[in-house]
$ cat data-v4.txt   # compact mmCIF, C-alpha atoms and all ligand atoms
# COMPACT_ATOMS: atom_id res chain seq x y z
CA MET A 1 -121.43 176.73 170.01
CA THR A 2 -119.07 173.94 171.11
CA ARG A 3 -118.02 174.50 174.69
CA LEU A 4 -114.37 175.12 175.32
CA GLN A 5 -113.06 172.11 177.21
CA SER A 6 -110.64 174.24 179.17
CA ILE A 7 -113.09 177.00 180.17
CA SER A 8 -112.36 176.34 183.85
CA SER A 9 -108.59 176.29 183.26
CA PRO A 10 -106.56 178.28 185.81
CA TYR A 11 -104.74 179.87 182.84
CA PHE A 12 -107.80 182.10 182.41
CA GLU A 13 -107.27 183.46 185.93
CA ASP A 14 -103.52 183.47 186.42
CA GLY A 15 -102.05 183.37 182.93
CA PHE A 16 -99.11 181.14 182.13
CA LEU A 17 -96.60 182.22 184.71
CA PRO A 18 -95.77 179.92 187.63
CA ILE A 19 -98.29 180.53 190.41
CA GLN A 20 -95.91 180.06 193.33
CA PRO A 21 -93.07 182.60 193.73
CA ALA A 22 -89.80 181.56 192.11
CA VAL A 23 -86.81 180.55 194.23
CA SER A 24 -83.40 181.99 193.43
CA ARG A 25 -81.40 179.04 194.80
CA LEU A 26 -81.93 175.29 195.12
CA PRO A 27 -81.86 173.62 198.55
CA SER A 28 -78.38 172.48 199.65
CA GLN A 29 -78.90 168.93 198.36
CA TRP A 30 -78.40 170.36 194.87
CA ASP A 31 -75.51 172.70 195.73
CA ALA A 32 -73.30 171.04 193.12
CA TRP A 33 -75.60 172.32 190.35
CA GLU A 34 -75.84 175.85 191.76
CA ASP A 35 -72.07 175.97 192.36
CA ILE A 36 -71.22 174.92 188.84
CA LEU A 37 -73.50 177.60 187.40
CA SER A 38 -72.11 180.39 189.58
CA GLU A 39 -68.58 179.19 188.77
CA ALA A 40 -69.37 179.59 185.06
CA THR A 41 -70.70 183.10 185.60
CA SER A 42 -67.73 184.20 187.70
CA ARG A 43 -65.18 182.63 185.31
CA LEU A 44 -66.79 184.40 182.40
CA GLY A 45 -66.17 187.74 184.03
CA PHE A 46 -67.59 190.85 182.51
CA ASP A 47 -65.95 190.95 179.12
CA LEU A 48 -65.81 187.41 177.73
CA SER A 49 -68.19 185.90 175.20
CA PRO A 50 -68.28 182.77 173.04
CA SER A 51 -65.55 182.90 170.37
CA PRO A 52 -64.22 180.53 167.69
CA GLU A 53 -61.37 179.49 170.02
CA GLY A 54 -63.74 178.74 172.89
CA ILE A 55 -63.75 180.68 176.14
CA PRO A 56 -60.45 180.75 178.03
CA GLY A 57 -60.62 178.94 181.37
CA PHE A 58 -63.66 176.93 180.48
CA GLU A 59 -61.91 173.67 179.64
CA GLU A 60 -61.40 173.15 183.36
CA TRP A 61 -64.98 174.24 184.06
CA ARG A 62 -66.33 171.67 181.56
CA ASP A 63 -64.21 169.08 183.31
CA PHE A 64 -66.06 169.94 186.56
CA VAL A 65 -69.33 169.35 184.72
CA HIS A 66 -68.11 165.90 183.60
CA LYS A 67 -67.19 165.02 187.19
CA MET A 68 -70.37 166.40 188.73
CA PRO A 69 -72.15 163.77 190.88
CA LEU A 70 -75.38 162.37 189.44
CA LEU A 71 -77.89 164.06 191.75
CA PRO A 72 -81.44 162.77 192.28
CA THR A 73 -84.41 164.43 190.56
CA GLN A 74 -87.41 162.57 192.00
CA GLU A 75 -87.66 164.83 195.07
CA LEU A 76 -87.77 167.93 192.87
CA PHE A 77 -91.12 166.88 191.44
CA ASP A 78 -92.99 167.53 194.73
CA ASP A 79 -91.94 171.17 194.94
CA PRO A 80 -92.81 173.20 191.80
CA PRO A 81 -90.67 176.34 192.49
CA VAL A 82 -87.64 174.15 193.27
CA LEU A 83 -88.30 172.05 190.17
CA LEU A 84 -88.41 175.16 187.96
CA ARG A 85 -85.20 176.54 189.47
CA ALA A 86 -83.55 173.15 188.82
CA ARG A 87 -84.66 173.27 185.20
CA GLN A 88 -83.31 176.81 184.89
CA VAL A 89 -79.94 175.99 186.46
CA LEU A 90 -79.50 172.89 184.30
CA THR A 91 -80.45 174.59 181.03
CA PHE A 92 -78.19 177.59 181.70
CA THR A 93 -75.35 175.19 182.55
CA LEU A 94 -76.02 173.31 179.29
CA HIS A 95 -75.73 176.54 177.27
CA PHE A 96 -72.56 177.58 179.11
CA TYR A 97 -71.23 174.13 178.24
CA ILE A 98 -72.05 174.14 174.54
CA HIS A 99 -71.15 177.78 173.87
CA SER A 100 -67.86 177.74 175.78
CA LEU A 101 -66.49 175.08 173.40
CA PRO A 102 -64.19 176.08 170.53
CA LYS A 103 -66.11 176.74 167.29
CA PRO A 104 -66.55 175.21 164.83
CA SER A 105 -66.60 172.41 167.31
CA SER A 106 -67.13 168.85 166.28
CA THR A 107 -70.85 168.59 165.81
CA PRO A 108 -72.86 167.11 167.30
CA ILE A 109 -71.70 168.21 170.75
CA HIS A 110 -71.62 165.53 173.44
CA VAL A 111 -73.37 166.48 176.69
CA PRO A 112 -72.04 164.51 179.66
CA SER A 113 -74.57 162.30 181.47
CA SER A 114 -73.89 164.10 184.79
CA LEU A 115 -75.73 167.06 183.27
CA SER A 116 -77.88 165.42 180.65
CA VAL A 117 -79.57 162.74 182.81
CA PRO A 118 -81.06 165.15 185.40
CA LEU A 119 -81.82 167.73 182.71
CA ARG A 120 -83.79 165.21 180.66
CA ALA A 121 -85.65 163.90 183.72
CA VAL A 122 -86.72 167.41 184.75
CA SER A 123 -87.60 168.33 181.16
CA ASP A 124 -89.71 165.19 180.64
CA HIS A 125 -91.59 165.95 183.83
CA LEU A 126 -92.44 169.46 182.62
CA GLY A 127 -93.05 168.46 179.01
CA LEU A 128 -90.27 170.77 177.81
CA PRO A 129 -87.36 169.98 175.46
CA PRO A 130 -83.91 169.43 177.03
CA ILE A 131 -82.61 172.85 175.92
CA CYS A 132 -82.80 176.41 177.24
CA THR A 133 -86.18 177.88 176.28
CA TYR A 134 -88.05 181.14 176.88
CA SER A 135 -89.55 179.54 180.02
CA ASP A 136 -86.01 179.24 181.44
CA THR A 137 -84.66 182.65 180.46
CA ILE A 138 -87.86 184.52 181.39
CA CYS A 139 -90.78 182.75 183.04
CA TYR A 140 -88.81 180.75 185.65
CA ASN A 141 -86.12 183.40 185.97
CA TYR A 142 -87.66 186.25 187.91
CA SER A 143 -89.47 187.07 191.10
CA THR A 144 -91.56 190.03 192.12
CA PRO A 145 -92.92 191.08 195.52
CA GLY A 146 -96.46 191.09 194.09
CA PHE A 147 -97.92 192.95 191.14
CA ALA A 148 -94.94 194.54 189.37
CA GLU A 149 -95.54 198.26 188.83
CA SER A 150 -92.13 198.95 187.31
CA LEU A 151 -89.30 196.98 185.74
CA GLU A 152 -87.24 197.40 188.92
CA ASP A 153 -89.86 195.31 190.78
CA LEU A 154 -88.69 192.31 188.74
CA THR A 155 -85.64 190.56 190.16
CA ILE A 156 -83.80 188.47 187.57
CA HIS A 157 -82.12 185.38 189.05
CA SER A 158 -79.61 184.30 186.40
CA THR A 159 -77.94 185.76 183.35
CA PHE A 160 -75.24 184.51 181.00
CA SER A 161 -73.26 187.69 180.40
CA SER A 162 -73.73 189.42 183.80
CA THR A 163 -74.48 192.61 181.86
CA PRO A 164 -77.21 195.04 182.97
CA ASP A 165 -78.32 194.94 179.33
CA GLU A 166 -79.19 191.23 179.63
CA VAL A 167 -81.08 191.95 182.86
CA HIS A 168 -83.08 194.67 181.10
CA PHE A 169 -83.79 192.40 178.11
CA TYR A 170 -85.20 189.74 180.48
CA ARG A 171 -87.13 192.29 182.53
CA ILE A 172 -88.88 193.64 179.44
CA GLN A 173 -90.01 190.16 178.44
CA ALA A 174 -90.97 189.24 182.02
CA MET A 175 -93.04 192.43 182.24
CA ILE A 176 -94.79 191.52 178.98
CA GLU A 177 -95.66 188.10 180.39
CA HIS A 178 -96.69 189.64 183.71
CA ARG A 179 -98.93 192.36 182.25
CA GLY A 180 -100.11 190.08 179.47
CA THR A 181 -101.76 187.97 182.14
CA ARG A 182 -104.52 190.62 182.19
CA ALA A 183 -105.60 189.39 178.76
CA MET A 184 -106.61 186.00 180.11
CA PRO A 185 -109.69 186.88 182.25
CA LEU A 186 -110.81 189.14 179.39
CA MET A 187 -110.62 186.19 177.01
CA LYS A 188 -112.74 184.16 179.43
CA SER A 189 -115.35 186.94 179.65
CA ILE A 190 -115.48 187.15 175.85
CA ILE A 191 -115.94 183.39 175.62
CA SER A 192 -118.88 183.53 178.06
CA ALA A 193 -120.44 186.48 176.23
CA VAL A 194 -120.04 184.71 172.87
CA ASP A 195 -121.60 181.59 174.39
CA SER A 196 -124.66 183.53 175.45
CA LEU A 197 -124.67 185.38 172.11
CA TYR A 198 -124.33 188.68 173.97
CA LEU A 199 -122.36 190.51 171.31
CA GLN A 200 -122.59 193.99 172.92
CA LEU A 201 -120.50 192.71 175.81
CA VAL A 202 -118.08 191.00 173.41
CA SER A 203 -117.26 194.40 171.88
CA THR A 204 -116.61 196.00 175.28
CA TYR A 205 -114.22 193.24 176.31
CA LEU A 206 -112.50 193.22 172.92
CA ASP A 207 -111.74 196.92 173.35
CA GLN A 208 -110.19 196.17 176.76
CA LEU A 209 -108.16 193.40 175.15
CA ALA A 210 -106.87 195.85 172.53
CA SER A 211 -105.72 198.16 175.37
CA VAL A 212 -103.78 195.29 176.97
CA VAL A 213 -102.02 194.53 173.67
CA ASN A 214 -101.21 198.24 173.21
CA GLU A 215 -99.67 198.28 176.66
CA LEU A 216 -97.50 195.27 175.73
CA THR A 217 -96.23 197.20 172.71
CA GLU A 218 -95.25 200.15 174.93
CA ILE A 219 -93.33 197.82 177.23
CA LEU A 220 -91.61 196.16 174.25
CA LEU A 221 -90.40 199.50 172.87
CA ASN A 222 -88.87 200.36 176.26
CA ILE A 223 -86.19 197.79 175.59
CA ARG A 224 -84.15 200.63 174.04
CA THR A 225 -83.74 202.48 177.35
CA ASP A 226 -81.23 200.11 179.01
CA CYS A 227 -80.23 197.42 176.52
CA ASP A 228 -77.46 198.52 174.20
CA PRO A 229 -77.87 196.96 170.72
CA ALA A 230 -74.15 196.14 170.38
CA VAL A 231 -74.00 194.51 173.83
CA PHE A 232 -77.14 192.56 173.04
CA PHE A 233 -75.85 191.43 169.66
CA ASN A 234 -72.31 190.49 170.68
CA ARG A 235 -72.65 189.34 174.27
CA VAL A 236 -76.23 188.39 175.06
CA ARG A 237 -77.91 186.65 172.13
CA VAL A 238 -74.83 184.53 171.46
CA TRP A 239 -75.82 182.30 174.40
CA PHE A 240 -79.33 181.45 173.21
CA PRO A 241 -78.97 179.11 170.18
CA GLY A 242 -79.36 175.39 170.67
CA GLY A 243 -77.84 172.87 168.27
CA LYS A 244 -77.35 169.23 167.44
CA LEU A 245 -76.50 167.49 170.69
CA VAL A 246 -75.69 163.96 171.80
CA TYR A 247 -77.19 163.62 175.25
CA GLY A 248 -75.43 161.10 177.49
CA LEU A 249 -77.87 158.68 179.17
CA GLU A 250 -77.46 156.23 182.02
CA GLY A 251 -75.61 153.00 181.32
CA GLY A 252 -73.31 154.57 178.72
CA ARG A 253 -76.10 155.00 176.17
CA SER A 254 -76.79 158.27 174.36
CA VAL A 255 -79.33 159.93 172.09
CA GLU A 256 -78.82 162.56 169.39
CA GLU A 257 -81.35 165.39 169.10
CA GLU A 258 -81.44 168.83 167.51
CA TRP A 259 -83.18 171.71 169.28
CA MET A 260 -83.40 175.45 168.78
CA GLY A 261 -82.69 177.59 171.84
CA SER A 262 -84.59 180.35 173.60
CA SER A 263 -86.71 182.78 171.56
CA ALA A 264 -89.63 185.00 172.54
CA ALA A 265 -91.50 183.23 169.74
CA GLN A 266 -92.01 180.70 172.57
CA SER A 267 -94.03 183.20 174.60
CA SER A 268 -97.30 181.53 175.63
CA ILE A 269 -99.14 184.84 175.97
CA ILE A 270 -98.41 185.99 172.40
CA GLN A 271 -99.28 182.52 171.09
CA ALA A 272 -102.51 182.67 173.13
CA LEU A 273 -103.53 185.99 171.53
CA ASP A 274 -103.16 184.54 168.02
CA ALA A 275 -105.08 181.43 169.04
CA PHE A 276 -107.88 183.33 170.75
CA LEU A 277 -108.34 185.72 167.83
CA GLY A 278 -108.59 182.77 165.46
CA ILE A 279 -105.72 184.03 163.27
CA GLU A 280 -103.48 181.03 163.83
CA PRO A 281 -104.22 179.57 160.36
CA LEU A 282 -102.72 182.82 159.00
CA THR A 283 -99.76 183.45 161.30
CA HIS A 284 -98.84 179.78 161.71
CA LYS A 285 -98.67 179.12 157.95
CA PRO A 286 -95.48 177.39 156.76
CA GLN A 287 -93.18 179.91 155.05
CA GLU A 288 -90.42 178.66 152.88
CA ARG A 289 -87.10 180.01 154.10
CA TYR A 290 -87.64 180.08 157.83
CA ASP A 291 -89.56 176.87 158.14
CA ALA A 292 -86.84 174.87 156.45
CA ARG A 293 -85.01 174.65 159.83
CA PRO A 294 -84.04 172.27 161.27
CA SER A 295 -83.19 170.00 158.38
CA ASP A 296 -85.74 167.32 159.28
CA GLY A 297 -87.71 167.87 156.06
CA SER A 298 -90.83 168.83 158.03
CA LYS A 299 -93.14 171.48 156.66
CA MET A 300 -94.26 172.54 160.11
CA ALA A 301 -94.62 176.34 160.39
CA PHE A 302 -92.09 178.07 162.59
CA LEU A 303 -94.62 179.34 165.13
CA THR A 304 -96.25 175.91 165.29
CA ARG A 305 -92.84 174.36 165.90
CA MET A 306 -92.27 176.90 168.66
CA ARG A 307 -95.21 175.30 170.49
CA LEU A 308 -92.96 172.32 171.12
CA TYR A 309 -90.89 174.64 173.32
CA LEU A 310 -93.82 175.46 175.57
CA PRO A 311 -94.71 173.38 178.63
CA ALA A 312 -96.98 170.49 177.53
CA ASP A 313 -100.06 171.73 179.38
CA HIS A 314 -99.80 175.18 177.76
CA ARG A 315 -99.80 173.46 174.35
CA ALA A 316 -103.01 171.55 175.05
CA PHE A 317 -104.71 174.71 176.31
CA LEU A 318 -103.67 176.72 173.24
CA GLU A 319 -105.04 174.07 170.88
CA ASP A 320 -108.39 174.37 172.61
CA LEU A 321 -108.24 178.16 172.51
CA ASN A 322 -107.47 178.05 168.79
CA ARG A 323 -110.63 175.98 168.18
CA PHE A 324 -112.62 178.62 170.04
CA GLY A 325 -111.01 181.45 168.02
CA GLN A 326 -112.14 179.88 164.74
CA GLN A 327 -115.68 179.51 166.07
CA MET A 328 -115.79 183.07 167.36
CA ARG A 329 -114.85 184.45 163.96
CA SER A 330 -117.55 182.40 162.21
CA LEU A 331 -120.13 183.38 164.78
CA ILE A 332 -119.46 187.09 164.34
CA LEU A 333 -119.28 186.82 160.56
CA ASP A 334 -122.55 184.86 160.31
CA HIS A 335 -124.52 186.68 163.02
CA PRO A 336 -128.05 187.48 161.77
CA ASP A 337 -128.09 190.98 163.32
CA ARG A 338 -125.81 192.64 160.77
CA GLU A 339 -125.62 195.96 162.60
CA LEU A 340 -124.50 194.33 165.81
CA ALA A 341 -122.14 192.07 163.86
CA ALA A 342 -120.57 195.14 162.18
CA GLU A 343 -119.92 196.78 165.58
CA THR A 344 -118.36 193.60 166.93
CA MET A 345 -116.18 193.27 163.83
CA GLU A 346 -114.90 196.80 164.36
CA ALA A 347 -113.95 195.98 167.96
CA TYR A 348 -112.36 192.71 166.84
CA ASN A 349 -110.41 194.58 164.15
CA ARG A 350 -109.08 196.99 166.77
CA VAL A 351 -107.46 194.02 168.53
CA ILE A 352 -106.00 192.83 165.23
CA GLU A 353 -104.62 196.33 164.63
CA ALA A 354 -103.09 196.30 168.12
CA MET A 355 -101.40 192.96 167.30
CA GLN A 356 -100.18 194.44 164.03
CA LYS A 357 -98.69 197.41 165.93
CA PHE A 358 -97.01 195.05 168.39
CA ARG A 359 -95.47 193.12 165.50
CA SER A 360 -94.42 196.30 163.64
CA GLY A 361 -92.76 197.62 166.83
CA HIS A 362 -91.01 194.28 167.26
CA ILE A 363 -89.71 194.41 163.68
CA ARG A 364 -88.20 197.85 164.37
CA ILE A 365 -86.51 196.42 167.47
CA VAL A 366 -85.13 193.43 165.54
CA ALA A 367 -83.85 195.77 162.80
CA LEU A 368 -82.01 197.84 165.42
CA TYR A 369 -80.70 194.96 167.54
CA VAL A 370 -79.87 192.45 164.80
CA THR A 371 -79.90 193.80 161.24
CA THR A 372 -78.02 197.03 162.00
CA GLN A 373 -75.48 195.13 164.07
CA GLN A 374 -74.99 192.56 161.29
CA ARG A 375 -74.31 195.41 158.89
CA ARG A 376 -71.49 196.48 161.18
CA GLY A 377 -69.71 193.39 159.97
CA GLU A 378 -70.48 190.92 162.72
CA LYS A 379 -71.34 187.31 162.07
CA SER A 380 -74.78 186.21 163.12
CA THR A 381 -76.64 183.14 164.25
CA GLY A 382 -79.74 184.97 165.46
CA THR A 383 -81.78 185.21 168.66
CA GLY A 384 -82.77 181.65 168.16
CA GLY A 385 -81.10 181.10 164.82
CA THR A 386 -81.45 183.97 162.31
CA SER A 387 -82.33 187.65 162.04
CA GLY A 388 -85.57 186.90 160.26
CA VAL A 389 -86.88 190.43 159.64
CA GLN A 390 -88.47 189.29 156.37
CA PHE A 391 -90.05 186.39 158.16
CA LEU A 392 -91.37 188.65 160.93
CA LYS A 393 -92.80 191.02 158.32
CA SER A 394 -94.67 188.16 156.69
CA ILE A 395 -96.19 187.19 160.06
CA ARG A 396 -97.18 190.81 160.62
CA ASP A 397 -98.79 190.95 157.17
CA GLN A 398 -100.63 187.68 157.79
CA THR A 399 -101.95 189.22 161.04
CA ILE A 400 -103.54 192.10 159.14
CA LYS A 401 -105.26 189.61 156.85
CA GLY A 402 -107.18 188.49 159.95
CA LYS A 403 -109.30 191.66 159.88
CA MET A 404 -113.00 191.01 159.25
CA ASP A 405 -115.09 193.02 156.82
C1 LIG A 501 -83.61 192.82 171.42
C2 LIG A 501 -84.85 192.43 171.38
C3 LIG A 501 -85.38 191.35 170.47
C4 LIG A 501 -84.84 190.76 169.38
C5 LIG A 501 -83.50 191.03 168.74
C6 LIG A 501 -85.79 189.79 168.89
C7 LIG A 501 -85.58 188.98 167.81
C8 LIG A 501 -86.49 188.07 167.32
C9 LIG A 501 -86.26 187.22 166.20
C10 LIG A 501 -84.97 187.17 165.38
C11 LIG A 501 -87.34 186.48 166.01
C12 LIG A 501 -87.56 185.41 164.93
C13 LIG A 501 -87.54 184.07 165.57
C14 LIG A 501 -86.14 183.71 166.06
O1 LIG A 501 -85.25 183.49 165.22
O2 LIG A 501 -85.98 183.64 167.28
C15 LIG A 501 -88.30 186.86 167.02
C16 LIG A 501 -89.54 186.33 167.14
C17 LIG A 501 -90.44 186.75 168.07
N1 LIG A 501 -90.21 187.63 169.10
FE1 LIG A 501 -88.58 188.75 169.39
N2 LIG A 501 -86.89 189.81 169.68
C18 LIG A 501 -86.68 190.74 170.66
C19 LIG A 501 -87.53 191.06 171.70
C20 LIG A 501 -88.76 190.51 171.85
C21 LIG A 501 -89.65 190.80 172.95
C22 LIG A 501 -89.34 191.73 174.14
C23 LIG A 501 -90.77 190.10 172.74
C24 LIG A 501 -91.98 190.06 173.62
C25 LIG A 501 -92.38 188.99 174.24
C26 LIG A 501 -90.62 189.37 171.51
C27 LIG A 501 -91.55 188.53 170.95
C28 LIG A 501 -91.36 187.76 169.81
C29 LIG A 501 -92.39 186.93 169.23
C30 LIG A 501 -93.81 186.76 169.74
C31 LIG A 501 -91.81 186.30 168.13
C32 LIG A 501 -92.49 185.34 167.15
C33 LIG A 501 -92.94 186.08 165.91
C34 LIG A 501 -94.29 186.75 166.10
O3 LIG A 501 -95.18 186.16 166.76
O4 LIG A 501 -94.45 187.88 165.54
N3 LIG A 501 -89.38 189.62 171.00
N4 LIG A 501 -87.75 187.83 167.81

$ encode --input "data-v4.txt" --output "structure tokens"
Amino acid sequence: MTRLQSISSPYFEDGFLPIQPAVSRLPSQWDAWEDILSEATSRLGFDLSPSPEGIPGFEEWRDFVHKMPLLPTQELFDDPPVLLRARQVLTFTLHFYIHSLPKPSSTPIHVPSSLSVPLRAVSDHLGLPPICTYSDTICYNYSTPGFAESLEDLTIHSTFSSTPDEVHFYRIQAMIEHRGTRAMPLMKSIISAVDSLYLQLVSTYLDQLASVVNELTEILLNIRTDCDPAVFFNRVRVWFPGGKLVYGLEGGRSVEEEWMGSSAAQSSIIQALDAFLGIEPLTHKPQERYDARPSDGSKMAFLTRMRLYLPADHRAFLEDLNRFGQQMRSLILDHPDRELAAETMEAYNRVIEAMQKFRSGHIRIVALYVTTQQRRGEKSTGTGGTSGVQFLKSIRDQTIKGKMD
């Protein structure tokens, strides 16, 4: 069995969340960034959202962004929690900027260098695209006094809409990331047991992994308790899409790029489960309608493209994990002790079924929060672009195909 290069990776101990506690405000040197973000939130008030005419009062706010001093970024790189807060503040400010403009606005949208230069520097350092991603809305956006027992233990630092519904939406996802971390040491134990061909132990750990995934599904379904579908549809998700942007650079230069915005499809833990189980060739298969975006002609599958929205070191780790997943499946399938192999397959299939249940639960949530709302006559651009229930069903069905027999 080829050894996993990243077997000693800290991701197997701590998962993908930042190790040091998050900070909710940057040091005073970067007050201008924090101030501009809180100004956007307070101007928005409780009942305003993006609209075709643009958001009233935001022309002046965008002018502040243009006049913002070009603050240094080098010093951020020595302090990870401060760096992540900077990234979060800058990406939220970017989305306030692009979604407060009148629509249809002239595309592409020009992002002033006062915002774009520090944002791109911070993004390059982290290996993330210069747009608001799931890392910004969730992973860098909460703190907890330790292990979070309940959703209330998760403090959310920034929102767009200032609604409790948005806070709950973020808390649910943060809790999934937080609890999902338990899957990582289990994966490492399974890898060691597979390495020593100790299949009895593999089954025990696979069953524990299935329980973790089942717990994630329970958390996911709790979204309905405090996030109203209409509020989510009309006032929360409208902030997430990216777009075609012209980023101002130093010296008057600029660069045009198109990026999607934040989507939970960028969750490292869910991507890790697919990779570890070796079902990536199924779930990351290009599918016509969805994978046509953006119009760059690429045939890259949607979930593979979503990897580009993960921090660079997560991507490298997941590629390695995916190689392991393929090997694990072959090893179980070809194991000479057929009785033992059959038991292991059953345990493996229970994890696949748990993933299928997670995806079925998610489809029900998307139907309630997007499809039903669309039917009520609203226009839609999607969590990160489109409602995609059909697409999500096809991923769920591909997951089931991963079962071994
Ligand atoms: C109101 C709640 C939610 C809505 C409306 C929603 C909507 C969507 C949509 C439309 C997609 C397709 C990709 C896109 O266009 O962004 C998607 C993908 C995805 N979402 Fe959600 N989502 C919700 C909550 C969650 C939560 C709490 C999680 C848990 C982390 C999650 C995990 C995923 C994953 C992993 C994908 C990629 C497809 C897959 O792997 O099955 N979503 N979601």

$ residues_near_ligand --input "data-v4.txt" --ligand "ligand LIG 501 (chain A)" --cutoff "8 Å" --atoms "all atoms listed in the file" --output "MDAnalysis selection string"
chainID A and resid 169:170 172:174 176:177 216 219:221 223 227 229 232:233 237 262:267 270:271 283 303 359 362:363 365:370 382:389 391:392 395:396

$ closest_residue --input "data-v4.txt" --among "A:Ala354, A:Thr181, A:Leu249, A:Pro10" --to "Leu119 in chain A" --atoms "all atoms listed in the file"
A:Leu249

$ atom_distance --input "data-v4.txt" --atom1 "CA of Leu17 in chain A" --atom2 "CA of Asp31 in chain A"
25.6 Å

$ residues_around --input "data-v4.txt" --residues "Tyr247 in chain A" --least-positions-apart "2" --cutoff "7 Å" --atoms "only C-alpha atoms" --output "number ranges by chain"
A: 110-113, 116, 245, 249, 254-256

$ residues_near_point --input "data-v4.txt" --point "(-67.4, 181.9, 180.0)" --cutoff "6 Å" --atoms "all atoms listed in the file" --output "PDB file with C-alpha atoms, in the frame of the given file"
ATOM      1  CA  ALA A  40     -69.370 179.590 185.060  1.00  0.00           C
ATOM      2  CA  ARG A  43     -65.180 182.630 185.310  1.00  0.00           C
ATOM      3  CA  LEU A  44     -66.790 184.400 182.400  1.00  0.00           C
ATOM      4  CA  ILE A  55     -63.750 180.680 176.140  1.00  0.00           C
ATOM      5  CA  SER A 100     -67.860 177.740 175.780  1.00  0.00           C
TER       6      SER A 100
END

$ atom_distance --input "data-v4.txt" --atom1 "CA of Pro311 in chain A" --atom2 "CA of Asp274 in chain A"
17.6 Å

$ closest_residue --input "data-v4.txt" --among "A:Asp78, A:Asp136, A:Glu218, A:Asp14" --to "Ser123 in chain A" --atoms "all atoms listed in the file"
A:Asp136

$ closest_residue --input "data-v4.txt" --among "A:Ala312, A:Val117, A:Ile190, A:Cys139" --to "Ile7 in chain A" --atoms "only C-alpha atoms"
A:Ile190

$ closest_residue --input "data-v4.txt" --among "A:Arg253, A:Pro50, A:Met187, A:Glu280" --to "Asp207 in chain A" --atoms "only C-alpha atoms"
A:Met187

$ residues_around --input "data-v4.txt" --residues "Val194 in chain A" --least-positions-apart "5" --cutoff "12 Å" --atoms "only C-alpha atoms" --output "list in words"
Met1, Thr2, Arg3, Leu4, Met187, Lys188, Ser189, Leu199, Gln200, Leu201, Val202, Ser203, Tyr205, Leu206, Phe324, Gly325, Gln327, Met328, Arg329, Ser330, Leu331, Ile332, His335, Ala341 and Thr344 of chain A

$ write_last_selection --input "data-v4.txt" --atoms "C-alpha atoms" --output "compact mmCIF listing (two decimals), keeping the file's coordinate frame"
# COMPACT_ATOMS: atom_id res chain seq x y z
CA MET A 1 -121.43 176.73 170.01
CA THR A 2 -119.07 173.94 171.11
CA ARG A 3 -118.02 174.50 174.69
CA LEU A 4 -114.37 175.12 175.32
CA MET A 187 -110.62 186.19 177.01
CA LYS A 188 -112.74 184.16 179.43
CA SER A 189 -115.35 186.94 179.65
CA LEU A 199 -122.36 190.51 171.31
CA GLN A 200 -122.59 193.99 172.92
CA LEU A 201 -120.50 192.71 175.81
CA VAL A 202 -118.08 191.00 173.41
CA SER A 203 -117.26 194.40 171.88
CA TYR A 205 -114.22 193.24 176.31
CA LEU A 206 -112.50 193.22 172.92
CA PHE A 324 -112.62 178.62 170.04
CA GLY A 325 -111.01 181.45 168.02
CA GLN A 327 -115.68 179.51 166.07
CA MET A 328 -115.79 183.07 167.36
CA ARG A 329 -114.85 184.45 163.96
CA SER A 330 -117.55 182.40 162.21
CA LEU A 331 -120.13 183.38 164.78
CA ILE A 332 -119.46 187.09 164.34
CA HIS A 335 -124.52 186.68 163.02
CA ALA A 341 -122.14 192.07 163.86
CA THR A 344 -118.36 193.60 166.93

$ closest_residue --input "data-v4.txt" --among "A:Gly402, A:Pro185, A:Pro164, A:Pro27" --to "Pro281 in chain A" --atoms "only C-alpha atoms"
A:Gly402

$ atom_distance --input "data-v4.txt" --atom1 "CA of Arg62 in chain A" --atom2 "CA of Gly127 in chain A"
27.0 Å

$ closest_residue --input "data-v4.txt" --among "A:His95, A:Arg87, A:Arg364, A:Arg235" --to "Ser49 in chain A" --atoms "all atoms listed in the file"
A:Arg235

$ residues_around --input "data-v4.txt" --residues "Gly180 in chain A" --least-positions-apart "4" --cutoff "9 Å" --atoms "all atoms listed in the file" --output "list in words"
Gly15, Met175, Ile176, Met184, Val212, Val213, Glu215, Leu216, Ile269 and Ile270 of chain A

$ write_last_selection --input "data-v4.txt" --atoms "C-alpha atoms" --output "short mmCIF file (atom, residue, chain, number, x, y, z; two decimals), keeping the file's coordinate frame"
data_model
loop_
_atom_site.label_atom_id
_atom_site.label_comp_id
_atom_site.auth_asym_id
_atom_site.auth_seq_id
_atom_site.Cartn_x
_atom_site.Cartn_y
_atom_site.Cartn_z
CA GLY A 15 -102.05 183.37 182.93
CA MET A 175 -93.04 192.43 182.24
CA ILE A 176 -94.79 191.52 178.98
CA MET A 184 -106.61 186.00 180.11
CA VAL A 212 -103.78 195.29 176.97
CA VAL A 213 -102.02 194.53 173.67
CA GLU A 215 -99.67 198.28 176.66
CA LEU A 216 -97.50 195.27 175.73
CA ILE A 269 -99.14 184.84 175.97
CA ILE A 270 -98.41 185.99 172.40
#

$ residues_near_point --input "data-v4.txt" --point "(-76.6, 174.9, 183.7)" --cutoff "9 Å" --atoms "only C-alpha atoms" --output "list in words"
Trp33, Glu34, Ile36, Leu37, Ala40, Ala86, Arg87, Gln88, Val89, Leu90, Thr91, Phe92, Thr93, Leu94, His95, Phe96, Tyr97, Leu115 and Leu119 of chain A
